[in-house]
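Worksheet for the structure shown next.
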Amino acid sequence: MFELIKHEYLRFHKWLLITAGLNTLLIFSGIYFDDYEKSGTAVGMAFTLMLGINAFLLGMFQMRSYRPINMWTFLINRPVKPHLLCLSLFIAGALVLVSCMVLPYLVLTAAVDYLGIYIIDWRHYIQAVYILFMALCFYLTACFITLSSNRTAYAVLIFPLLLMTTLFLGGPIISVALLFTVWLFLLLINAFKANLENQSYSFLQTLNIAIPFHLAAFFSISVVVVFSFQLYLMLVDGAGIKVAWNYYFKSDTYDYMNYADAEEHLVLGVSEGQDSDYYQRQLGMSETFDMDRELTYFPWHQQIPYLQNYQHINLYDRVNGINWIFSHDTMSFLGRKDSTARGQDTAPSRFNNNDAFIGNIAFDAMPVVLRNQVITQHKLYQYDPYLQQLKLRFNLPDTESFLSGMHKKGRHELILSTAALYVFDPIRTTTESGLAVPLSIIPLPKPYENLSGIYLAELMDSTIINFLYGKMSHNGQYDAEQITYRLDNDDNHHHMADRVLLQGFSVYYRHRGFYISPFWHMLNERWINPALSAKPPMPHQNWRLAEWNNSIFILLLVLTVFSCLLTVVVLNKRRVDRATKIVQFFVVLLTNLPGLLFCWLYYPKKLSLKHNTINE
């Protein structure tokens, strides 16, 4: 076994050297372009894709070399059990990946840390764990696809895709990569048998491949439906080509408002209230502003650089030419002089231990940097370049979290939280020290996660504030509406109007997930998508199942019955026992189209015996 591992490892020595050299050049390029210590999601996606493709090709070439019948017979007849042979090949492949991907990263990270070129935290070393499991995930995917003779084997490509989706959404990437690696290794052991064409599997083995296949089928069918429908609207109706999307929908729909400008938002928002003509005339001559959510989640301690949004980690002091970088190990900002002092977009000078200094605050929670503001979940600090210190400017209650920093919009400064919109006087916030006191607090009328945008206009005697809700209304989880307030010059706010919005797309299109598979749609909405995404600033305030009308329910019932009938027809032509047929029937009753496709592709067909007659 050890000899097999040794020879298999040495068999790929050229691959190892070439890949290690290219990986080292990539890391050096990151150091040269100052993308090493902060990286960011874009860099992480690029490295994941490049290293993942390399690991995928390694697994494919390794297993394909044993796929010929003579080579497989020679391998499988060794005096070692099949699962130990599989483990040996896996260990050899893993050692190659460690040597060409993980070790160069660790060596260069340690060298950079020792030389003091960058601020290196433990999270930079922890990132090596992600690189390892990410590479193993791609590697095992290729190994299983190459060895398996079943047509459903390609469904495991969903694992690398979900891994990259988790990286993009800022989720728990290392835990997800570890889970997928273990899952794929179990699949590889099941496929590693004496007769590769033998398609008989136990119940657990079938379940092990059925889950990724169902997921892949559900997402693939969803993408095809969305692409086909959108293409139909563009080619037939000219939506987005001949007619702009906001003019394609009616003005009383959320999809129309989602493309409208701030003035149109405000004009339509006050149309349902009293004295609408008076306010609409003033809005035509007023300056309008818009405000969006800036913070969707806060980073966690020792978050790996590939998950860190690099725009939210550095605080640049243009007055003194100092680039402040947050250190996860010390939970404070470390500063280094920028010899160029030309702005944040230029490459700063290298970090030197002699001129490093620590700011006046050690944080107990991870902050986010927006402009010259440093924000934690409940506190907002402002950087003073003359004192080179952070001053606490605003405190939120423990039941709220920041969704934006402090914005100057006309004659007001605004802060958006998960529960309210805080209005400040910009003159007082600029001239006065200490905690800023809001002039007015406007409670958010609806759950914050459904908020799409805020639009403001300054009139002669008041300020109109319009809240647009509907970000999560497409699936019936929330309502879409416009809610308008008036902020008088005495800083008292009054409710003006509510405007209920319809959905631009058909209800049948918006609830397509239920038609494809009600089980996987609900599981994706309630568990899979939240598990792969970063945690929101505060727990979601509300969640409800989509409200179905009778036509949706009837269509879902028809599609379910149709899928079950087709399943009976398909399974009668497959080599399966009666118990399996009963189980799969109930699975299709629950999962619809993905279950039907699995029965069609997974189980082998019955052998057709032809009777040859001999002329006597």
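FYI, nothing fancy with the structure tokens labels: chains A, B, ... in order, residues from 1 per chain, ligands from 1 as they appear.
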With a distance cut-off of 12 Å and only C-alpha atoms, select the neighbouring residues of Val374 of chain A, excluding the residue or stretch itself and same-chain residues fewer than 2 positions from it, and output the selection as a compact mmCIF listing (two decimals) with N, CA, C and O atoms, in the first residue's frame.
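And here's around_33.txt as it stands now:
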```txt
# COMPACT_ATOMS: atom_id res chain seq x y z
N PHE A 298 -21.84 41.33 8.45
CA PHE A 298 -20.59 41.76 9.09
C PHE A 298 -19.61 40.57 9.08
O PHE A 298 -20.02 39.43 9.27
N HIS A 312 -13.78 47.06 2.44
CA HIS A 312 -14.31 47.32 3.77
C HIS A 312 -13.33 46.93 4.87
O HIS A 312 -13.74 46.64 5.99
N ILE A 313 -12.04 46.89 4.58
CA ILE A 313 -11.09 46.47 5.61
C ILE A 313 -10.03 47.54 5.87
O ILE A 313 -9.43 47.55 6.94
N ASN A 314 -9.80 48.43 4.93
CA ASN A 314 -8.75 49.45 5.08
C ASN A 314 -9.36 50.82 5.33
O ASN A 314 -10.40 51.17 4.80
N LEU A 315 -8.67 51.61 6.15
CA LEU A 315 -9.04 52.99 6.41
C LEU A 315 -7.86 53.86 6.00
O LEU A 315 -6.79 53.77 6.60
N TYR A 316 -8.07 54.68 4.98
CA TYR A 316 -6.95 55.46 4.45
C TYR A 316 -7.02 56.90 4.95
O TYR A 316 -8.04 57.57 4.82
N TRP A 324 -4.42 52.50 7.23
CA TRP A 324 -4.75 51.68 8.40
C TRP A 324 -5.35 50.36 7.94
O TRP A 324 -6.29 50.33 7.16
N ILE A 325 -4.78 49.28 8.45
CA ILE A 325 -5.23 47.94 8.09
C ILE A 325 -5.64 47.21 9.36
O ILE A 325 -4.90 47.21 10.36
N PHE A 326 -6.79 46.58 9.32
CA PHE A 326 -7.29 45.90 10.52
C PHE A 326 -6.61 44.55 10.69
O PHE A 326 -6.54 43.75 9.76
N SER A 332 -7.44 45.35 16.20
CA SER A 332 -7.26 46.80 16.13
C SER A 332 -6.64 47.14 14.78
O SER A 332 -6.23 46.26 14.02
N PHE A 333 -6.57 48.44 14.50
CA PHE A 333 -6.01 48.91 13.23
C PHE A 333 -4.52 49.18 13.40
O PHE A 333 -4.10 49.87 14.33
N ILE A 361 -8.22 52.13 19.91
CA ILE A 361 -9.36 51.27 20.21
C ILE A 361 -9.03 49.83 19.84
O ILE A 361 -8.52 49.56 18.75
N PHE A 363 -11.14 46.45 19.34
CA PHE A 363 -12.54 46.10 19.12
C PHE A 363 -12.85 44.74 19.72
O PHE A 363 -12.00 43.84 19.75
N ALA A 365 -15.66 43.29 18.45
CA ALA A 365 -16.40 42.71 17.33
C ALA A 365 -15.78 43.21 16.03
O ALA A 365 -15.13 44.27 16.00
N MET A 366 -15.96 42.46 14.97
CA MET A 366 -15.34 42.80 13.70
C MET A 366 -15.98 44.05 13.11
O MET A 366 -17.20 44.13 13.01
N PRO A 367 -15.17 45.05 12.71
CA PRO A 367 -15.72 46.27 12.12
C PRO A 367 -15.74 46.21 10.59
O PRO A 367 -15.13 45.35 9.96
N VAL A 368 -16.46 47.17 10.02
CA VAL A 368 -16.48 47.40 8.59
C VAL A 368 -16.15 48.86 8.35
O VAL A 368 -16.62 49.73 9.09
N VAL A 369 -15.35 49.15 7.33
CA VAL A 369 -14.93 50.52 7.03
C VAL A 369 -15.74 51.04 5.86
O VAL A 369 -15.78 50.43 4.79
N LEU A 370 -16.42 52.17 6.08
CA LEU A 370 -17.15 52.88 5.03
C LEU A 370 -16.70 54.34 5.05
O LEU A 370 -16.98 55.06 6.01
N ARG A 371 -15.96 54.71 3.98
CA ARG A 371 -15.41 56.07 3.92
C ARG A 371 -14.49 56.32 5.12
O ARG A 371 -13.56 55.56 5.33
N ASN A 372 -14.74 57.34 5.95
CA ASN A 372 -13.91 57.57 7.13
C ASN A 372 -14.60 57.08 8.40
O ASN A 372 -14.28 57.51 9.50
N THR A 376 -19.20 48.80 13.67
CA THR A 376 -19.48 47.45 14.16
C THR A 376 -21.00 47.26 14.11
O THR A 376 -21.73 48.10 13.61
N GLN A 377 -21.46 46.16 14.67
CA GLN A 377 -22.89 45.88 14.54
C GLN A 377 -23.74 46.92 15.26
O GLN A 377 -24.84 47.25 14.80
N HIS A 378 -23.22 47.48 16.37
CA HIS A 378 -24.04 48.41 17.15
C HIS A 378 -23.36 49.76 17.38
O HIS A 378 -23.94 50.62 18.04
N LYS A 379 -22.13 49.97 16.86
CA LYS A 379 -21.42 51.21 17.12
C LYS A 379 -20.85 51.79 15.83
O LYS A 379 -20.42 51.05 14.95
N LEU A 380 -20.85 53.13 15.77
CA LEU A 380 -20.28 53.83 14.63
C LEU A 380 -19.20 54.78 15.13
O LEU A 380 -19.46 55.64 15.98
N TYR A 381 -17.99 54.60 14.61
CA TYR A 381 -16.85 55.46 14.94
C TYR A 381 -16.50 56.32 13.73
O TYR A 381 -16.72 55.91 12.59
N GLN A 382 -15.93 57.48 14.02
CA GLN A 382 -15.46 58.36 12.95
C GLN A 382 -13.98 58.64 13.18
O GLN A 382 -13.55 58.90 14.31
N TYR A 383 -13.21 58.58 12.11
CA TYR A 383 -11.77 58.75 12.21
C TYR A 383 -11.41 60.23 12.17
O TYR A 383 -11.85 60.98 11.30
N ASP A 384 -10.59 60.66 13.13
CA ASP A 384 -10.07 62.02 13.20
C ASP A 384 -8.63 61.99 12.72
O ASP A 384 -7.73 61.48 13.40
N GLN A 389 -7.19 59.17 15.72
CA GLN A 389 -7.97 58.36 16.64
C GLN A 389 -9.37 58.15 16.08
O GLN A 389 -9.84 58.91 15.22
N LEU A 390 -10.01 57.11 16.61
CA LEU A 390 -11.40 56.83 16.27
C LEU A 390 -12.29 57.35 17.40
O LEU A 390 -12.06 57.04 18.56
N LYS A 391 -13.29 58.13 17.03
CA LYS A 391 -14.22 58.68 18.02
C LYS A 391 -15.58 58.03 17.85
O LYS A 391 -16.11 57.95 16.74
N LEU A 392 -16.14 57.58 18.95
CA LEU A 392 -17.48 56.98 18.93
C LEU A 392 -18.50 58.09 18.68
O LEU A 392 -18.59 59.04 19.43
N ARG A 393 -19.29 57.93 17.60
CA ARG A 393 -20.26 58.96 17.24
C ARG A 393 -21.71 58.56 17.44
O ARG A 393 -22.58 59.40 17.60
N PHE A 394 -21.98 57.24 17.38
CA PHE A 394 -23.37 56.84 17.52
C PHE A 394 -23.46 55.41 18.02
O PHE A 394 -22.67 54.56 17.61
N PHE A 402 -26.54 48.10 12.17
CA PHE A 402 -26.38 49.07 11.10
C PHE A 402 -26.57 48.41 9.73
O PHE A 402 -26.10 47.30 9.47
N SER A 404 -26.21 50.84 7.09
CA SER A 404 -25.45 51.82 6.31
C SER A 404 -24.64 52.67 7.28
O SER A 404 -24.88 52.68 8.49
N GLY A 405 -23.69 53.40 6.72
CA GLY A 405 -23.00 54.40 7.50
C GLY A 405 -23.78 55.70 7.51
O GLY A 405 -24.95 55.75 7.10
N MET A 406 -23.13 56.78 7.97
CA MET A 406 -23.79 58.08 8.00
C MET A 406 -23.62 58.77 6.65
O MET A 406 -22.52 58.98 6.18
```
Query raised in the report: What's the 12 Å shell around Lys14 of chain A, counting only C-alpha atoms, without same-chain residues fewer than 6 positions away, as a list in words?
Result: Ala20, Gly21, Leu58, Val96, Ser99 and Cys100 of chain A
**Report entry** atom CA of Met538 of chain A to atom CA of Leu468 of chain A, distance in Å rounded to a single decimal
**Finding:**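 These two atoms are separated by 20.0 Å.
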Requested in this report: Could you find all residues in segment 356-578 of chain A that DSSP calls strand (DSSP E) from the backbone, and write them as JSON, numbers by chain?
Outcome: {"A": [357, 358, 368, 369, 370, 373, 374, 375, 379, 380, 381, 382, 383, 384, 389, 390, 391, 392, 393, 394, 395, 407, 408, 409, 412, 413, 414, 415, 416, 420, 421, 422, 423, 424, 440, 441, 442, 443, 451, 452, 453, 454, 455, 456, 457, 458, 462, 463, 464, 465, 466, 467, 468, 469, 481, 482, 483, 484, 485, 486, 487, 488, 493, 494, 495, 496, 497, 498, 499, 500]}
Query raised in the report: Which residue out of A:Thr430, A:Ser39, A:Thr166, A:Ser149 has the minimum interatomic distance to Ile528 of chain A when only C-alpha atoms are used?
Result: A:Thr166
Report task. Excluding Phe598 of chain A and residues on its chain fewer than 6 positions from it, collect all residues at most 12 Å away from it, counting only C-alpha atoms, and give them as a list in words. Result ->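 The contact residues come out as Asn150, Arg151, Thr152, Ala153, Ala155, Thr206, Leu207, Ile209, Ala210, Ile211, Pro212, Phe213, His214, Leu215, Ala216, Ala217, Phe218, Ser563, Thr567, Val570, Leu571, Arg574, Gln584, Phe585, Val587, Val588, Thr591, Asn592 and Pro604 of chain A.
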Taking C-alpha atoms for each residue, export the selection above as an mmCIF file, in the first residue's frame.
```
data_model
loop_
_atom_site.group_PDB
_atom_site.id
_atom_site.type_symbol
_atom_site.label_atom_id
_atom_site.label_comp_id
_atom_site.auth_asym_id
_atom_site.auth_seq_id
_atom_site.Cartn_x
_atom_site.Cartn_y
_atom_site.Cartn_z
ATOM 1 C CA ASN A 150 -23.728 5.476 -14.151
ATOM 2 C CA ARG A 151 -25.290 8.294 -16.163
ATOM 3 C CA THR A 152 -26.071 10.276 -13.009
ATOM 4 C CA ALA A 153 -22.380 10.622 -12.086
ATOM 5 C CA ALA A 155 -24.530 15.421 -11.132
ATOM 6 C CA THR A 206 -28.300 5.218 -3.893
ATOM 7 C CA LEU A 207 -29.201 7.915 -1.368
ATOM 8 C CA ILE A 209 -25.874 9.937 -5.232
ATOM 9 C CA ALA A 210 -29.596 10.760 -5.301
ATOM 10 C CA ILE A 211 -29.281 13.903 -3.158
ATOM 11 C CA PRO A 212 -26.684 15.697 -5.349
ATOM 12 C CA PHE A 213 -28.554 14.565 -8.468
ATOM 13 C CA HIS A 214 -31.834 16.005 -7.192
ATOM 14 C CA LEU A 215 -30.100 19.275 -6.325
ATOM 15 C CA ALA A 216 -28.376 19.474 -9.702
ATOM 16 C CA ALA A 217 -31.613 18.679 -11.553
ATOM 17 C CA PHE A 218 -33.601 21.250 -9.570
ATOM 18 C CA SER A 563 -44.693 12.910 -12.899
ATOM 19 C CA THR A 567 -42.400 7.285 -12.995
ATOM 20 C CA VAL A 570 -40.244 4.328 -16.477
ATOM 21 C CA LEU A 571 -39.708 1.981 -13.506
ATOM 22 C CA ARG A 574 -36.008 -0.731 -15.331
ATOM 23 C CA GLN A 584 -39.303 5.895 -5.684
ATOM 24 C CA PHE A 585 -43.003 6.529 -6.341
ATOM 25 C CA VAL A 587 -40.062 10.173 -3.618
ATOM 26 C CA VAL A 588 -41.366 11.477 -6.946
ATOM 27 C CA THR A 591 -39.863 15.904 -5.426
ATOM 28 C CA ASN A 592 -41.595 15.930 -8.838
ATOM 29 C CA PRO A 604 -30.457 0.284 -15.770
#
```
Requested in this report: Write out as a list of chain:residue names each polymer residue whose atoms come within 10 Å of His494 of chain A, counting only C-alpha atoms; drop sequence neighbours fewer than 5 positions from it.
Outcome: A:Ile442, A:Ile464, A:Thr484, A:Tyr485, A:Arg486, A:Leu487, A:Asp488
